[in-house]
Protein chains: 2
Amino acid sequence: MTRVFNFSPGPCTLPTSVVNELGAELPDFNDAGMSLVEMSHRSPEYSEVHDDTVNRLKELYEMPDDVSVLLLQGGASLQYAMAPLNALAPGKRAAYINSGAWAKKAIADAKVIGDAYVAWSGEDVNFTRMPSPDEVAVEDNTSYVHLVSNETIGGIRMAEFADYGVPTVADMSSELLSRPIPWDRFDIVYGGAQKNAGPAGVTVVMVRQSVIDSAPTEMPNYLKYATHAKANSLSNTPPVFSIWAMNKMLRWIDDAGGLTAMEERAAQRSGKLYAAIDDSDGFYINPNDVADRSHTNIVFTMASPELEAAFLAESANHNMANLKGHRSVGGIRASIYNGLPDEAVDTLVDFMASFQKANS
Amino acid sequence: MTRVFNFSPGPCTLPTSVVNELGAELPDFNDAGMSLVEMSHRSPEYSEVHDDTVNRLKELYEMPDDVSVLLLQGGASLQYAMAPLNALAPGKRAAYINSGAWAKKAIADAKVIGDAYVAWSGEDVNFTRMPSPDEVAVEDNTSYVHLVSNETIGGIRMAEFADYGVPTVADMSSELLSRPIPWDRFDIVYGGAQKNAGPAGVTVVMVRQSVIDSAPTEMPNYLKYATHAKANSLSNTPPVFSIWAMNKMLRWIDDAGGLTAMEERAAQRSGKLYAAIDDSDGFYINPNDVADRSHTNIVFTMASPELEAAFLAESANHNMANLKGHRSVGGIRASIYNGLPDEAVDTLVDFMASFQKANS
């Protein structure tokens, strides 16, 4: 079989070794006479995978002792509710940075749950940049500042995490396991696995004990971080396959040098694509502030929708798939998550040059 | 490889053809050059699997037009919150039948969310039976009666669904796709897939349009049934693998004769095990009312914990796994969901006879 270079924004490409291992091991796990997905989540076999996944996340992220790893379901979408439900104390406020499509969803949920306000909005610059620290207006009585570290649709990221004087809560779905976390300022970090960390179906939530301890107790059981922290994420049946696949991805990341290596690789590979854009004399256009350009979702437009359609059609003929921009913004988007091989980026850079030559 | 007869209460055994197909197809889906779990949830390939899964559920359940199928995450545990959040109108009450461990969890969440009361409790009979219809005390101003159709730990089920004069909301996790639903009295039916319907990671919610339309609008987005109904369960990234695996399970059930066949098979196979218990002259003991015995979770005890331990050890030597009762009640539990082959039940029945002979 020929593996296609898959630039999907998520779910997305995994290392070839990971999908091949999953296929080979799926029908019979370690000669147990059954698949891992057929085993009780309290079986010794699954427990080992589960605990190893939690431990690898702790080690890769160099997590402080007072941060718990929860393996949940519902995606970042459910965390848009759970984070304020657990962390926004009655009588306190929450500051939200509106950096684009995902931040807006987080803000909408927070406003339903408590007293949330927008401390900075990129709406009037069409979400082409992130705020500088002093632009974020944190008001008195604020519990936390919520940010989306990388907007997959707009293609911008926060290059640095500022200290806003209150704890930070972050949706890092599209940068999960592709950059280290400076723990001193974070209370909650969450993200769906289906970009850098494995297939869809599991959500990683990293949460500080102080949040767990001070959350309201009168809440539905699943929505409480305490429920899952106390039960090592086994209060109810976990998404076994997705956690098993993430475990394989964590091993792959470890072998490839860990999070610092992932961060450097993302910078280097996105750098090649931005160089191709910037050196194209305006044939390819990225609208975003250079300092805030995403390292995982590289967006660009061309002179006309027809040219973009031709780019997509021809790239597909060169073994590249899923380069279409999000339906809300159009253009081209190359998502280059951990699982994407380096050759895919090099192939795209070469193709961009030849396509430009043929169409200038 | 030898397939073990796996009586796990969930996650649990799947048909051999299903796990083999998943393994074979996992690395490359229909020669696409990538796995289905690496594809966007908006790709044509995944869309076809997704829509086919929804349609098969509608057809197998002979669902009325005003019932929507939602493919969610978080298990029945999250539905213990979502059902009352959406269906328990302010100023109204909800009646809950306390039939055991799972019902208690549903009740605890409902009481946090609104005005919920216990309309019948099996607590004083140690959850050995279900209520007769006239024992369920539905009070004025009640929105719905909530029931758990089968308690996996206690091993009891509702043989018939009564008409309580108000709509019924049901957790059918352990009977999902193993009995038809008499739609005239149900407003919401939900269940985790990881017993009769596939591996863990997806929750099937079937909900009537009137519930969706009358639910409060001021709720976090993920927790609203309307969010998922409007978006065909693609408001956020769905658990792709689990839905794909459930699709294979739905095809298998269809080939095996549909829900009526599954219901008859469950009655017949559980009947064999109950006959083995009842004909054992008290060597094996099932504590439950005969009319309310579960068709999917057959529980029994023996004269001593030592005898039960010997039973578990020897059954493992005869290719049978996971017969241990739930840690909260002990004893033996044979969970015989859709995916378990008939030979497994016959093997267990034979083993029960020979074990009794050797230990009497």
# chains A, B, ... in the order shown; residues from 1 in each chain; ligands from 1

$ interface_residues --of "chain A" --to "chain B" --cutoff "7 Å" --atoms "only C-alpha atoms" --output "PyMOL selection string"
chain A and resi 1-4+8+10-14+19-20+23-24+26-27+33-34+37-41+73-74+77-78+81+109+112+199-201+218-222+236-240

$ select_by_dssp --residues "stretch 171-245 of chain A" --states "strand (DSSP E)" --output "list in words"
Asp171, Phe186, Asp187, Ile188, Val189, Tyr190, Gly191, Gly192, Thr203, Val204, Val205, Met206, Val207 and Arg208 of chain A

$ residues_around --residues "B:Asp171" --least-positions-apart "5" --cutoff "8 Å" --atoms "only C-alpha atoms" --output "compact mmCIF listing (two decimals) with C-alpha atoms, in the first residue's frame"
# COMPACT_ATOMS: atom_id res chain seq x y z
CA ALA B 76 -24.60 6.57 30.25
CA HIS B 146 -36.75 7.17 34.59
CA LEU B 147 -35.84 3.50 34.65
CA VAL B 148 -32.80 1.30 34.12
CA SER B 149 -34.13 -1.56 32.00
CA VAL B 189 -33.48 5.93 25.54
CA TYR B 190 -29.72 5.89 25.97
CA GLY B 191 -26.87 3.48 26.45

$ closest_residue --among "A:Ala229, A:Leu259, A:Val169, A:Val67" --to "A:Ala197" --atoms "only C-alpha atoms"
A:Leu259

$ residues_around --residues "B:Gly331" --least-positions-apart "2" --cutoff "12 Å" --atoms "only C-alpha atoms" --output "PyMOL selection string"
chain B and resi 153-155+284-287+298-312+322-329+333-334

$ write_last_selection --atoms "N, CA and C atoms" --output "short mmCIF file (atom, residue, chain, number, x, y, z; two decimals), in the first residue's frame"
data_model
loop_
_atom_site.label_atom_id
_atom_site.label_comp_id
_atom_site.auth_asym_id
_atom_site.auth_seq_id
_atom_site.Cartn_x
_atom_site.Cartn_y
_atom_site.Cartn_z
N ILE B 153 -25.27 -5.28 37.54
CA ILE B 153 -24.61 -5.78 38.76
C ILE B 153 -25.55 -6.74 39.50
N GLY B 154 -26.80 -6.32 39.72
CA GLY B 154 -27.75 -7.17 40.42
C GLY B 154 -28.30 -8.30 39.56
N GLY B 155 -28.29 -8.10 38.23
CA GLY B 155 -28.78 -9.14 37.33
C GLY B 155 -30.29 -9.23 37.25
N TYR B 284 -26.12 -24.07 42.93
CA TYR B 284 -26.01 -22.71 42.39
C TYR B 284 -27.27 -21.94 42.79
N ILE B 285 -27.08 -20.71 43.25
CA ILE B 285 -28.23 -19.93 43.74
C ILE B 285 -28.31 -18.58 43.04
N ASN B 286 -29.46 -18.32 42.43
CA ASN B 286 -29.75 -16.98 41.91
C ASN B 286 -30.79 -16.36 42.83
N PRO B 287 -30.51 -15.15 43.36
CA PRO B 287 -31.38 -14.60 44.41
C PRO B 287 -32.61 -13.86 43.88
N ILE B 298 -26.28 -12.98 34.10
CA ILE B 298 -26.80 -14.07 34.92
C ILE B 298 -25.89 -14.22 36.13
N VAL B 299 -26.44 -13.93 37.31
CA VAL B 299 -25.62 -13.96 38.52
C VAL B 299 -25.98 -15.18 39.36
N PHE B 300 -24.99 -15.75 40.01
CA PHE B 300 -25.27 -16.82 40.97
C PHE B 300 -24.16 -16.93 42.00
N THR B 301 -24.54 -17.50 43.13
CA THR B 301 -23.57 -17.73 44.20
C THR B 301 -23.52 -19.23 44.49
N MET B 302 -22.52 -19.61 45.30
CA MET B 302 -22.40 -21.00 45.74
C MET B 302 -22.27 -21.00 47.26
N ALA B 303 -22.09 -22.17 47.82
CA ALA B 303 -22.15 -22.29 49.29
C ALA B 303 -21.05 -21.51 50.01
N SER B 304 -19.89 -21.31 49.36
CA SER B 304 -18.80 -20.61 50.04
C SER B 304 -17.96 -19.84 49.03
N PRO B 305 -17.28 -18.81 49.53
CA PRO B 305 -16.35 -18.05 48.66
C PRO B 305 -15.24 -18.95 48.11
N GLU B 306 -14.84 -19.98 48.86
CA GLU B 306 -13.78 -20.87 48.40
C GLU B 306 -14.25 -21.65 47.17
N LEU B 307 -15.51 -22.11 47.23
CA LEU B 307 -16.07 -22.85 46.11
C LEU B 307 -16.17 -21.95 44.87
N GLU B 308 -16.56 -20.70 45.10
CA GLU B 308 -16.66 -19.75 43.98
C GLU B 308 -15.28 -19.48 43.38
N ALA B 309 -14.28 -19.37 44.25
CA ALA B 309 -12.91 -19.14 43.75
C ALA B 309 -12.44 -20.33 42.92
N ALA B 310 -12.77 -21.54 43.38
CA ALA B 310 -12.41 -22.74 42.62
C ALA B 310 -13.12 -22.77 41.27
N PHE B 311 -14.39 -22.37 41.28
CA PHE B 311 -15.18 -22.32 40.04
C PHE B 311 -14.52 -21.37 39.03
N LEU B 312 -14.11 -20.21 39.52
CA LEU B 312 -13.48 -19.22 38.62
C LEU B 312 -12.16 -19.75 38.08
N ASN B 322 -13.52 -14.12 32.76
CA ASN B 322 -14.30 -12.98 33.26
C ASN B 322 -15.68 -13.36 33.79
N LEU B 323 -15.73 -14.42 34.56
CA LEU B 323 -16.99 -14.87 35.17
C LEU B 323 -17.15 -14.36 36.61
N LYS B 324 -16.22 -13.56 37.07
CA LYS B 324 -16.28 -13.08 38.45
C LYS B 324 -17.41 -12.05 38.61
N GLY B 325 -18.16 -12.14 39.67
CA GLY B 325 -19.21 -11.16 39.95
C GLY B 325 -18.63 -9.79 40.25
N HIS B 326 -19.48 -8.77 40.19
CA HIS B 326 -19.02 -7.41 40.47
C HIS B 326 -18.45 -7.33 41.88
N ARG B 327 -17.39 -6.55 42.04
CA ARG B 327 -16.70 -6.47 43.33
C ARG B 327 -17.62 -6.06 44.48
N SER B 328 -18.73 -5.38 44.17
CA SER B 328 -19.63 -4.93 45.24
C SER B 328 -20.54 -6.05 45.74
N VAL B 329 -20.73 -7.11 44.95
CA VAL B 329 -21.65 -8.18 45.37
C VAL B 329 -21.02 -9.57 45.40
N ARG B 333 -20.82 -14.05 37.76
CA ARG B 333 -21.69 -13.35 36.82
C ARG B 333 -21.29 -13.72 35.40
N ALA B 334 -22.24 -14.27 34.67
CA ALA B 334 -22.02 -14.54 33.25
C ALA B 334 -22.75 -13.49 32.43
#

$ atom_distance --atom1 "atom CA of A:Pro167" --atom2 "atom CA of A:Pro131"
17.2 Å

$ residues_around --residues "A:Ser68" --least-positions-apart "5" --cutoff "12 Å" --atoms "only C-alpha atoms" --output "PyMOL selection string"
chain A and resi 54-55+57-58+61-63+187-190+204-213+225-233

$ select_by_dssp --residues "stretch 98-270 of chain B" --states "alpha helix (DSSP H)" --output "compact mmCIF listing (two decimals) with C-alpha atoms, in the first residue's frame"
# COMPACT_ATOMS: atom_id res chain seq x y z
CA ALA B 101 -26.40 0.49 41.35
CA TRP B 102 -26.94 2.28 38.03
CA ALA B 103 -30.33 3.72 38.97
CA LYS B 104 -28.76 5.22 42.10
CA LYS B 105 -26.22 7.09 39.99
CA ALA B 106 -28.98 8.44 37.76
CA ILE B 107 -30.98 9.55 40.81
CA ALA B 108 -28.03 11.31 42.42
CA ASP B 109 -27.45 13.42 39.30
CA ALA B 110 -31.14 14.19 38.76
CA LYS B 111 -31.47 15.45 42.35
CA VAL B 112 -28.61 17.88 41.80
CA ILE B 113 -30.24 19.19 38.64
CA GLN B 209 -38.19 15.94 18.99
CA SER B 210 -40.57 17.27 21.64
CA VAL B 211 -37.80 16.90 24.26
CA ILE B 212 -35.28 18.65 22.01
CA ASP B 213 -37.72 21.50 21.30
CA SER B 214 -38.78 22.11 24.89
CA TYR B 225 -29.47 17.46 22.74
CA ALA B 226 -30.41 20.15 20.20
CA THR B 227 -26.72 20.80 19.43
CA HIS B 228 -26.16 17.23 18.31
CA ALA B 229 -29.57 16.71 16.69
CA LYS B 230 -29.08 19.76 14.46
CA VAL B 240 -14.61 7.64 14.80
CA PHE B 241 -13.26 4.18 15.66
CA SER B 242 -16.08 3.34 18.06
CA ILE B 243 -18.76 4.37 15.57
CA TRP B 244 -17.04 2.43 12.79
CA ALA B 245 -16.90 -0.66 15.01
CA MET B 246 -20.56 -0.22 16.00
CA ASN B 247 -21.41 -0.03 12.30
CA LYS B 248 -19.87 -3.47 11.83
CA MET B 249 -21.80 -4.74 14.84
CA LEU B 250 -25.07 -3.35 13.40
CA ARG B 251 -24.42 -5.19 10.14
CA TRP B 252 -23.74 -8.38 12.11
CA ILE B 253 -27.02 -7.97 14.04
CA ASP B 254 -28.91 -7.33 10.82
CA ASP B 255 -27.47 -10.50 9.28
CA GLY B 258 -32.34 -8.04 13.87
CA LEU B 259 -33.57 -7.11 17.32
CA THR B 260 -36.35 -9.68 17.61
CA ALA B 261 -33.81 -12.41 16.92
CA MET B 262 -31.42 -10.88 19.47
CA GLU B 263 -34.22 -10.74 22.05
CA GLU B 264 -35.22 -14.37 21.47
CA ARG B 265 -31.61 -15.49 21.55
CA ALA B 266 -31.00 -13.69 24.86
CA ALA B 267 -34.12 -15.29 26.36
CA GLN B 268 -33.16 -18.74 25.13
CA ARG B 269 -29.50 -18.57 26.19
CA SER B 270 -30.20 -17.04 29.60

$ closest_residue --among "A:Glu123, A:Asp292, A:Asp346, A:Glu139" --to "A:Arg157" --atoms "only C-alpha atoms"
A:Asp292

$ atom_distance --atom1 "atom CA of B:Leu70" --atom2 "atom CA of A:Ala116"
29.8 Å
